[in-house]
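**Q** So that you have it, the file is start-v1.pdb, and it contains PDB, C-alpha atoms:
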```pdb
ATOM      1  CA  MET A   1     -61.732-267.174 -95.462  1.00  0.00           C
ATOM      2  CA  GLN A   2     -60.521-263.820 -96.628  1.00  0.00           C
ATOM      3  CA  LYS A   3     -57.992-262.062 -94.438  1.00  0.00           C
ATOM      4  CA  PHE A   4     -59.573-259.807 -91.835  1.00  0.00           C
ATOM      5  CA  ILE A   5     -58.431-257.223 -89.314  1.00  0.00           C
ATOM      6  CA  LEU A   6     -60.146-256.219 -86.086  1.00  0.00           C
ATOM      7  CA  GLY A   7     -57.835-253.556 -84.840  1.00  0.00           C
ATOM      8  CA  LEU A   8     -54.538-253.242 -86.632  1.00  0.00           C
ATOM      9  CA  SER A   9     -55.026-249.658 -87.736  1.00  0.00           C
ATOM     10  CA  ILE A  10     -53.028-247.745 -85.187  1.00  0.00           C
ATOM     11  CA  ILE A  11     -52.651-244.138 -86.302  1.00  0.00           C
ATOM     12  CA  LEU A  12     -49.896-242.378 -84.405  1.00  0.00           C
ATOM     13  CA  THR A  13     -49.722-238.621 -84.584  1.00  0.00           C
ATOM     14  CA  LEU A  14     -46.313-238.336 -83.025  1.00  0.00           C
ATOM     15  CA  THR A  15     -46.392-234.840 -81.643  1.00  0.00           C
ATOM     16  CA  PHE A  16     -44.161-236.077 -78.842  1.00  0.00           C
ATOM     17  CA  MET A  17     -41.269-235.620 -81.237  1.00  0.00           C
ATOM     18  CA  SER A  18     -41.533-231.921 -80.455  1.00  0.00           C
ATOM     19  CA  PRO A  19     -38.364-230.728 -78.702  1.00  0.00           C
ATOM     20  CA  ILE A  20     -39.676-229.894 -75.234  1.00  0.00           C
ATOM     21  CA  PHE A  21     -38.582-232.819 -73.131  1.00  0.00           C
ATOM     22  CA  MET A  22     -36.199-232.770 -70.231  1.00  0.00           C
ATOM     23  CA  ILE A  23     -37.639-234.437 -67.143  1.00  0.00           C
ATOM     24  CA  SER A  24     -36.311-234.743 -63.614  1.00  0.00           C
ATOM     25  CA  GLN A  25     -38.691-235.353 -60.702  1.00  0.00           C
ATOM     26  CA  SER A  26     -41.535-234.329 -63.002  1.00  0.00           C
ATOM     27  CA  HIS A  27     -45.242-234.317 -62.238  1.00  0.00           C
ATOM     28  CA  ALA A  28     -46.288-236.046 -65.443  1.00  0.00           C
ATOM     29  CA  ARG A  29     -49.748-237.479 -65.998  1.00  0.00           C
ATOM     30  CA  VAL A  30     -51.021-239.807 -68.691  1.00  0.00           C
ATOM     31  CA  ILE A  31     -54.602-238.832 -69.504  1.00  0.00           C
ATOM     32  CA  LEU A  32     -56.806-241.075 -71.642  1.00  0.00           C
ATOM     33  CA  LYS A  33     -59.599-239.484 -73.700  1.00  0.00           C
ATOM     34  CA  GLU A  34     -61.893-241.844 -75.599  1.00  0.00           C
ATOM     35  CA  LYS A  35     -64.580-241.446 -78.248  1.00  0.00           C
ATOM     36  CA  THR A  36     -66.435-243.945 -80.421  1.00  0.00           C
ATOM     37  CA  LYS A  37     -67.594-243.804 -84.039  1.00  0.00           C
ATOM     38  CA  PHE A  38     -69.797-246.264 -85.924  1.00  0.00           C
ATOM     39  CA  TYR A  39     -70.333-247.261 -89.527  1.00  0.00           C
ATOM     40  CA  THR A  40     -73.564-248.900 -90.661  1.00  0.00           C
ATOM     41  CA  ILE A  41     -73.710-252.459 -91.970  1.00  0.00           C
ATOM     42  CA  LYS A  42     -76.574-254.649 -93.148  1.00  0.00           C
ATOM     43  CA  GLY A  43     -77.404-258.288 -93.851  1.00  0.00           C
ATOM     44  CA  THR A  44     -79.329-261.127 -92.245  1.00  0.00           C
ATOM     45  CA  THR A  45     -76.711-263.905 -92.431  1.00  0.00           C
ATOM     46  CA  GLY A  46     -73.157-263.985 -91.194  1.00  0.00           C
ATOM     47  CA  VAL A  47     -71.739-263.938 -94.716  1.00  0.00           C
ATOM     48  CA  GLU A  48     -73.835-260.887 -95.652  1.00  0.00           C
ATOM     49  CA  ILE A  49     -72.768-259.076 -92.481  1.00  0.00           C
ATOM     50  CA  TYR A  50     -69.118-259.879 -93.099  1.00  0.00           C
ATOM     51  CA  LYS A  51     -69.273-258.655 -96.707  1.00  0.00           C
ATOM     52  CA  SER A  52     -70.979-255.469 -95.544  1.00  0.00           C
ATOM     53  CA  MET A  53     -68.203-254.856 -93.005  1.00  0.00           C
ATOM     54  CA  LEU A  54     -65.543-255.370 -95.679  1.00  0.00           C
ATOM     55  CA  LYS A  55     -67.308-252.894 -97.945  1.00  0.00           C
ATOM     56  CA  ASN A  56     -68.133-250.196 -95.394  1.00  0.00           C
ATOM     57  CA  GLY A  57     -65.439-250.590 -92.734  1.00  0.00           C
ATOM     58  CA  PRO A  58     -62.889-247.906 -91.821  1.00  0.00           C
ATOM     59  CA  ASP A  59     -60.363-247.072 -94.525  1.00  0.00           C
ATOM     60  CA  HIS A  60     -56.927-246.007 -93.339  1.00  0.00           C
ATOM     61  CA  GLY A  61     -55.176-246.416 -96.670  1.00  0.00           C
ATOM     62  CA  GLY A  62     -52.039-248.366 -97.365  1.00  0.00           C
ATOM     63  CA  SER A  63     -52.325-252.145 -97.416  1.00  0.00           C
ATOM     64  CA  LEU A  64     -55.033-252.248 -94.736  1.00  0.00           C
ATOM     65  CA  LYS A  65     -58.106-253.070 -96.770  1.00  0.00           C
ATOM     66  CA  ASP A  66     -60.128-255.494 -94.661  1.00  0.00           C
ATOM     67  CA  VAL A  67     -60.483-253.450 -91.485  1.00  0.00           C
ATOM     68  CA  LEU A  68     -63.624-254.382 -89.561  1.00  0.00           C
ATOM     69  CA  ALA A  69     -62.980-252.327 -86.429  1.00  0.00           C
ATOM     70  CA  SER A  70     -60.118-250.055 -85.499  1.00  0.00           C
ATOM     71  CA  THR A  71     -58.543-247.905 -82.840  1.00  0.00           C
ATOM     72  CA  SER A  72     -56.722-244.694 -83.698  1.00  0.00           C
ATOM     73  CA  PHE A  73     -54.364-242.864 -81.361  1.00  0.00           C
ATOM     74  CA  LYS A  74     -53.198-239.284 -81.243  1.00  0.00           C
ATOM     75  CA  PHE A  75     -50.705-238.063 -78.645  1.00  0.00           C
ATOM     76  CA  ASP A  76     -50.721-234.495 -77.363  1.00  0.00           C
ATOM     77  CA  PHE A  77     -48.547-232.888 -74.732  1.00  0.00           C
ATOM     78  CA  LYS A  78     -49.987-230.154 -72.525  1.00  0.00           C
ATOM     79  CA  ASN A  79     -49.065-228.005 -69.532  1.00  0.00           C
ATOM     80  CA  ASP A  80     -45.335-228.414 -69.973  1.00  0.00           C
ATOM     81  CA  VAL A  81     -43.359-226.335 -67.493  1.00  0.00           C
ATOM     82  CA  PHE A  82     -39.577-226.453 -67.464  1.00  0.00           C
ATOM     83  CA  THR A  83     -36.870-224.577 -65.622  1.00  0.00           C
ATOM     84  CA  VAL A  84     -33.084-224.384 -65.606  1.00  0.00           C
ATOM     85  CA  TYR A  85     -31.213-226.219 -62.875  1.00  0.00           C
ATOM     86  CA  LYS A  86     -27.409-226.446 -62.833  1.00  0.00           C
ATOM     87  CA  ASN A  87     -27.216-225.499 -66.484  1.00  0.00           C
ATOM     88  CA  ARG A  88     -29.691-228.245 -67.386  1.00  0.00           C
ATOM     89  CA  CYS A  89     -33.260-228.088 -68.641  1.00  0.00           C
ATOM     90  CA  VAL A  90     -35.663-229.644 -66.164  1.00  0.00           C
ATOM     91  CA  LEU A  91     -39.268-230.245 -67.153  1.00  0.00           C
ATOM     92  CA  THR A  92     -41.249-230.076 -63.923  1.00  0.00           C
ATOM     93  CA  ASN A  93     -44.752-230.650 -65.274  1.00  0.00           C
ATOM     94  CA  LEU A  94     -46.231-232.460 -68.262  1.00  0.00           C
ATOM     95  CA  ASP A  95     -49.577-233.986 -69.243  1.00  0.00           C
ATOM     96  CA  ILE A  96     -49.431-236.700 -71.893  1.00  0.00           C
ATOM     97  CA  ILE A  97     -52.861-236.816 -73.535  1.00  0.00           C
ATOM     98  CA  VAL A  98     -53.729-240.068 -75.319  1.00  0.00           C
ATOM     99  CA  ASN A  99     -56.696-239.381 -77.596  1.00  0.00           C
ATOM    100  CA  VAL A 100     -58.387-242.637 -78.599  1.00  0.00           C
ATOM    101  CA  THR A 101     -61.002-243.059 -81.329  1.00  0.00           C
ATOM    102  CA  TYR A 102     -62.735-246.424 -81.707  1.00  0.00           C
ATOM    103  CA  THR A 103     -64.537-247.319 -84.928  1.00  0.00           C
ATOM    104  CA  TYR A 104     -67.063-250.170 -84.767  1.00  0.00           C
ATOM    105  CA  PRO A 105     -69.722-251.617 -87.087  1.00  0.00           C
ATOM    106  CA  LYS A 106     -73.379-250.955 -86.246  1.00  0.00           C
ATOM    107  CA  TRP A 107     -75.732-253.656 -87.522  1.00  0.00           C
ATOM    108  CA  ARG A 108     -79.136-252.379 -88.619  1.00  0.00           C
ATOM    109  CA  ASP A 109     -80.852-255.634 -89.680  1.00  0.00           C
ATOM    110  CA  SER A 110     -80.735-257.566 -86.403  1.00  0.00           C
ATOM    111  CA  LYS A 111     -84.543-257.851 -86.111  1.00  0.00           C
ATOM    112  CA  LYS A 112     -84.687-259.624 -89.478  1.00  0.00           C
ATOM    113  CA  ALA A 113     -81.981-262.160 -88.665  1.00  0.00           C
ATOM    114  CA  SER A 114     -82.151-265.579 -87.039  1.00  0.00           C
ATOM    115  CA  ALA A 115     -81.443-266.186 -83.364  1.00  0.00           C
ATOM    116  CA  GLU A 116     -78.244-267.988 -84.398  1.00  0.00           C
ATOM    117  CA  THR A 117     -76.967-264.963 -86.300  1.00  0.00           C
ATOM    118  CA  ARG A 118     -77.887-262.572 -83.498  1.00  0.00           C
ATOM    119  CA  ARG A 119     -76.001-264.707 -80.964  1.00  0.00           C
ATOM    120  CA  ALA A 120     -72.951-264.901 -83.220  1.00  0.00           C
ATOM    121  CA  TRP A 121     -73.071-261.144 -83.807  1.00  0.00           C
ATOM    122  CA  LYS A 122     -73.304-260.408 -80.093  1.00  0.00           C
ATOM    123  CA  LYS A 123     -70.246-262.563 -79.440  1.00  0.00           C
ATOM    124  CA  PHE A 124     -68.302-260.995 -82.316  1.00  0.00           C
ATOM    125  CA  GLN A 125     -69.198-257.495 -81.123  1.00  0.00           C
ATOM    126  CA  LYS A 126     -68.031-258.292 -77.576  1.00  0.00           C
ATOM    127  CA  ILE A 127     -64.733-259.761 -78.789  1.00  0.00           C
ATOM    128  CA  ALA A 128     -64.127-256.813 -81.125  1.00  0.00           C
ATOM    129  CA  ILE A 129     -64.501-254.380 -78.212  1.00  0.00           C
ATOM    130  CA  LEU A 130     -62.185-256.450 -76.011  1.00  0.00           C
ATOM    131  CA  HIS A 131     -59.656-256.569 -78.842  1.00  0.00           C
ATOM    132  CA  GLU A 132     -59.621-252.800 -79.293  1.00  0.00           C
ATOM    133  CA  LYS A 133     -59.413-252.210 -75.543  1.00  0.00           C
ATOM    134  CA  GLU A 134     -56.298-254.361 -75.451  1.00  0.00           C
ATOM    135  CA  HIS A 135     -54.697-252.085 -78.043  1.00  0.00           C
ATOM    136  CA  VAL A 136     -55.443-249.171 -75.717  1.00  0.00           C
ATOM    137  CA  LYS A 137     -53.765-250.961 -72.798  1.00  0.00           C
ATOM    138  CA  ILE A 138     -50.658-251.413 -74.931  1.00  0.00           C
ATOM    139  CA  THR A 139     -50.588-247.720 -75.761  1.00  0.00           C
ATOM    140  CA  GLN A 140     -51.251-246.616 -72.187  1.00  0.00           C
ATOM    141  CA  LYS A 141     -48.247-248.643 -71.066  1.00  0.00           C
ATOM    142  CA  PHE A 142     -46.209-247.103 -73.868  1.00  0.00           C
ATOM    143  CA  ALA A 143     -47.156-243.596 -72.697  1.00  0.00           C
ATOM    144  CA  ASN A 144     -46.130-244.387 -69.124  1.00  0.00           C
ATOM    145  CA  ASP A 145     -42.881-246.018 -70.229  1.00  0.00           C
ATOM    146  CA  TYR A 146     -42.128-243.106 -72.546  1.00  0.00           C
ATOM    147  CA  GLU A 147     -42.552-240.636 -69.690  1.00  0.00           C
ATOM    148  CA  LYS A 148     -39.972-242.632 -67.713  1.00  0.00           C
ATOM    149  CA  LEU A 149     -37.666-242.622 -70.719  1.00  0.00           C
ATOM    150  CA  LEU A 150     -37.874-238.842 -70.925  1.00  0.00           C
ATOM    151  CA  ARG A 151     -36.742-238.511 -67.326  1.00  0.00           C
ATOM    152  CA  LYS A 152     -33.380-239.936 -68.368  1.00  0.00           C
ATOM    153  CA  SER A 153     -32.817-237.243 -70.998  1.00  0.00           C
ATOM    154  CA  ARG A 154     -30.067-234.707 -70.513  1.00  0.00           C
ATOM    155  CA  ARG A 155     -30.036-231.375 -72.325  1.00  0.00           C
ATOM    156  CA  ARG A 156     -27.965-228.267 -71.765  1.00  0.00           C
ATOM    157  CA  ALA A 157     -29.791-225.057 -70.878  1.00  0.00           C
ATOM    158  CA  ALA A 158     -27.685-223.129 -73.374  1.00  0.00           C
ATOM    159  CA  SER A 159     -30.027-224.440 -76.081  1.00  0.00           C
ATOM    160  CA  GLU A 160     -33.025-222.948 -74.236  1.00  0.00           C
ATOM    161  CA  CYS A 161     -34.325-226.499 -73.879  1.00  0.00           C
ATOM    162  CA  GLU A 162     -35.359-226.616 -77.517  1.00  0.00           C
ATOM    163  CA  ASP A 163     -32.797-228.791 -79.282  1.00  0.00           C
ATOM    164  CA  VAL A 164     -33.368-232.528 -79.361  1.00  0.00           C
ATOM    165  CA  SER A 165     -30.150-234.446 -78.878  1.00  0.00           C
ATOM    166  CA  LEU A 166     -29.168-237.371 -81.076  1.00  0.00           C
ATOM    167  CA  SER A 167     -29.456-239.781 -78.144  1.00  0.00           C
ATOM    168  CA  GLU A 168     -33.028-238.572 -77.460  1.00  0.00           C
ATOM    169  CA  LYS A 169     -33.967-239.117 -81.103  1.00  0.00           C
ATOM    170  CA  ILE A 170     -32.527-242.631 -81.034  1.00  0.00           C
ATOM    171  CA  ARG A 171     -34.305-243.564 -77.785  1.00  0.00           C
ATOM    172  CA  THR A 172     -37.585-242.120 -79.069  1.00  0.00           C
ATOM    173  CA  SER A 173     -37.282-243.992 -82.366  1.00  0.00           C
ATOM    174  CA  PHE A 174     -36.597-247.234 -80.495  1.00  0.00           C
ATOM    175  CA  ALA A 175     -39.597-246.703 -78.188  1.00  0.00           C
ATOM    176  CA  ILE A 176     -41.919-246.045 -81.145  1.00  0.00           C
ATOM    177  CA  ARG A 177     -40.783-249.157 -82.995  1.00  0.00           C
ATOM    178  CA  LYS A 178     -41.265-251.275 -79.875  1.00  0.00           C
ATOM    179  CA  HIS A 179     -44.777-249.851 -79.414  1.00  0.00           C
ATOM    180  CA  GLU A 180     -45.759-250.668 -82.995  1.00  0.00           C
ATOM    181  CA  ARG A 181     -44.254-254.155 -82.696  1.00  0.00           C
ATOM    182  CA  LEU A 182     -46.316-254.927 -79.576  1.00  0.00           C
ATOM    183  CA  HIS A 183     -49.512-254.038 -81.450  1.00  0.00           C
ATOM    184  CA  ARG A 184     -48.565-256.310 -84.344  1.00  0.00           C
ATOM    185  CA  LEU A 185     -47.688-259.195 -82.033  1.00  0.00           C
ATOM    186  CA  PHE A 186     -51.015-258.895 -80.226  1.00  0.00           C
ATOM    187  CA  ASP A 187     -52.925-258.937 -83.521  1.00  0.00           C
ATOM    188  CA  ARG A 188     -51.041-262.017 -84.656  1.00  0.00           C
ATOM    189  CA  ARG A 189     -52.030-263.847 -81.475  1.00  0.00           C
ATOM    190  CA  ASP A 190     -55.659-262.769 -81.442  1.00  0.00           C
ATOM    191  CA  LEU A 191     -56.463-262.848 -85.167  1.00  0.00           C
ATOM    192  CA  ARG A 192     -54.608-265.922 -86.326  1.00  0.00           C
ATOM    193  CA  ARG A 193     -56.392-269.235 -86.840  1.00  0.00           C
ATOM    194  CA  GLY A 194     -57.535-270.462 -83.418  1.00  0.00           C
ATOM    195  CA  GLY A 195     -57.257-267.023 -81.817  1.00  0.00           C
ATOM    196  CA  ARG A 196     -60.128-265.378 -79.964  1.00  0.00           C
ATOM    197  CA  GLY A 197     -60.873-262.800 -82.656  1.00  0.00           C
ATOM    198  CA  TYR A 198     -60.537-265.299 -85.488  1.00  0.00           C
ATOM    199  CA  ASN A 199     -62.919-267.765 -83.840  1.00  0.00           C
ATOM    200  CA  ALA A 200     -65.555-265.096 -83.163  1.00  0.00           C
ATOM    201  CA  LEU A 201     -65.557-263.958 -86.781  1.00  0.00           C
ATOM    202  CA  LEU A 202     -65.583-267.538 -88.088  1.00  0.00           C
ATOM    203  CA  GLU A 203     -68.622-268.297 -85.925  1.00  0.00           C
ATOM    204  CA  LEU A 204     -70.358-265.194 -87.283  1.00  0.00           C
ATOM    205  CA  VAL A 205     -69.612-266.043 -90.926  1.00  0.00           C
ATOM    206  CA  LYS A 206     -71.065-269.536 -90.458  1.00  0.00           C
ATOM    207  CA  ALA A 207     -74.309-268.219 -88.940  1.00  0.00           C
ATOM    208  CA  LYS A 208     -77.411-268.662 -91.105  1.00  0.00           C
TER
END
```
Produce structure tokens that represent the structure in this file.

**A**
Amino acid sequence: MQKFILGLSIILTLTFMSPIFMISQSHARVILKEKTKFYTIKGTTGVEIYKSMLKNGPDHGGSLKDVLASTSFKFDFKNDVFTVYKNRCVLTNLDIIVNVTYTYPKWRDSKKASAETRRAWKKFQKIAILHEKEHVKITQKFANDYEKLLRKSRRRAASECEDVSLSEKIRTSFAIRKHERLHRLFDRRDLRRGGRGYNALLELVKAK
């Protein structure tokens, strides 16, 4: 079987690199905003459906060619309020907005297909949604952990709270790499041979 991907395309717009962070006893919130997009596929057998997904699925460039469903993330930071306390910048309010966009296939030929293919499609569709939701859980945890990381930052007020220190850059870089690694590890578990996502797609491809 050709290599496939359910949800490896994690697009990170890292606006949190902006130099505004200095948190102590902050009132930070992580807010999740979700929207869903669809692309149309056709076919009456599992093989035809699979080929249609490969042809029409989301394209995020790079080496990710066989993307069947994906989740994209964009981080925004709103309502930041910071003050000076003992010559230190203290961010007292911050909303971390996690904008999530799901992209799923929408099958238009279901009425023409066999009961076997419809059952396999329904299972695949359910597993694909569960897979993408797990990616969101990983990113939600990252957002919460990152907020805690920012509380440990220390920045002098003489910089008007605008200069990112070297230690902050290092900690941020480490957090981002860990986040990306967790997504890759999850995909390896779920999409490898014998994994939940792999088995659902294999069942679909075999449907006549």

**Q** For region 36-48 of chain A, list every protein, DNA or RNA residue within 8 Å, evaluated using all atoms listed in the file, and leave out those in the same chain fewer than 6 positions away; present the list as JSON, numbers by chain.

**A** {"A": [56, 57, 58, 101, 102, 103, 104, 105, 106, 107, 108, 109, 110, 112, 113, 114, 117, 121, 204, 205, 206, 207, 208]}

**Q** I need the chosen residues saved as a PDB file, keeping the file's coordinate frame, with C-alpha atoms.

**A**
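What follows is the written file again-v6.pdb:
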```pdb
ATOM      1  CA  ASN A  56     -68.133-250.196 -95.394  1.00  0.00           C
ATOM      2  CA  GLY A  57     -65.439-250.590 -92.734  1.00  0.00           C
ATOM      3  CA  PRO A  58     -62.889-247.906 -91.821  1.00  0.00           C
ATOM      4  CA  THR A 101     -61.002-243.059 -81.329  1.00  0.00           C
ATOM      5  CA  TYR A 102     -62.735-246.424 -81.707  1.00  0.00           C
ATOM      6  CA  THR A 103     -64.537-247.319 -84.928  1.00  0.00           C
ATOM      7  CA  TYR A 104     -67.063-250.170 -84.767  1.00  0.00           C
ATOM      8  CA  PRO A 105     -69.722-251.617 -87.087  1.00  0.00           C
ATOM      9  CA  LYS A 106     -73.379-250.955 -86.246  1.00  0.00           C
ATOM     10  CA  TRP A 107     -75.732-253.656 -87.522  1.00  0.00           C
ATOM     11  CA  ARG A 108     -79.136-252.379 -88.619  1.00  0.00           C
ATOM     12  CA  ASP A 109     -80.852-255.634 -89.680  1.00  0.00           C
ATOM     13  CA  SER A 110     -80.735-257.566 -86.403  1.00  0.00           C
ATOM     14  CA  LYS A 112     -84.687-259.624 -89.478  1.00  0.00           C
ATOM     15  CA  ALA A 113     -81.981-262.160 -88.665  1.00  0.00           C
ATOM     16  CA  SER A 114     -82.151-265.579 -87.039  1.00  0.00           C
ATOM     17  CA  THR A 117     -76.967-264.963 -86.300  1.00  0.00           C
ATOM     18  CA  TRP A 121     -73.071-261.144 -83.807  1.00  0.00           C
ATOM     19  CA  LEU A 204     -70.358-265.194 -87.283  1.00  0.00           C
ATOM     20  CA  VAL A 205     -69.612-266.043 -90.926  1.00  0.00           C
ATOM     21  CA  LYS A 206     -71.065-269.536 -90.458  1.00  0.00           C
ATOM     22  CA  ALA A 207     -74.309-268.219 -88.940  1.00  0.00           C
ATOM     23  CA  LYS A 208     -77.411-268.662 -91.105  1.00  0.00           C
TER      24      LYS A 208
END
```

**Q** Quick one, how far is CA of Leu32 (chain A) from CA of Phe75 (chain A)?

**A**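 According to the coordinates, CA of Leu32 (chain A) and CA of Phe75 (chain A) are separated by 9.8 Å.
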
**Q** What is the CA of Ile129 (chain A) to CA of Thr71 (chain A) distance in Å?

**A**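 Separation of CA of Ile129 (chain A) and CA of Thr71 (chain A): 9.9 Å.
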
**Q** Within 8 Å of Ala175 (chain A), counting all atoms listed in the file, which residues qualify if same-chain residues fewer than 3 places away don't, as an mmCIF file with C-alpha atoms, keeping the file's coordinate frame?

**A**
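Okay, part18.cif is ready:
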```
data_model
loop_
_atom_site.group_PDB
_atom_site.id
_atom_site.type_symbol
_atom_site.label_atom_id
_atom_site.label_comp_id
_atom_site.auth_asym_id
_atom_site.auth_seq_id
_atom_site.Cartn_x
_atom_site.Cartn_y
_atom_site.Cartn_z
ATOM 1 C CA PHE A 142 -46.209 -247.103 -73.868
ATOM 2 C CA TYR A 146 -42.128 -243.106 -72.546
ATOM 3 C CA ARG A 171 -34.305 -243.564 -77.785
ATOM 4 C CA THR A 172 -37.585 -242.120 -79.069
ATOM 5 C CA LYS A 178 -41.265 -251.275 -79.875
ATOM 6 C CA HIS A 179 -44.777 -249.851 -79.414
#
```

**Q** Quick check, in Å to one decimal: how far apart do CA of Arg118 (chain A) and CA of Gly195 (chain A) lie?

**A** 21.2 Å

**Q** Pick from A:Ile176, A:Ala115, A:Val67, A:Leu182: nearest to Ala128 (chain A), with all atoms listed in the file counted?

**A**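 That would be A:Val67, the residue with the smallest distance to Ala128 (chain A).
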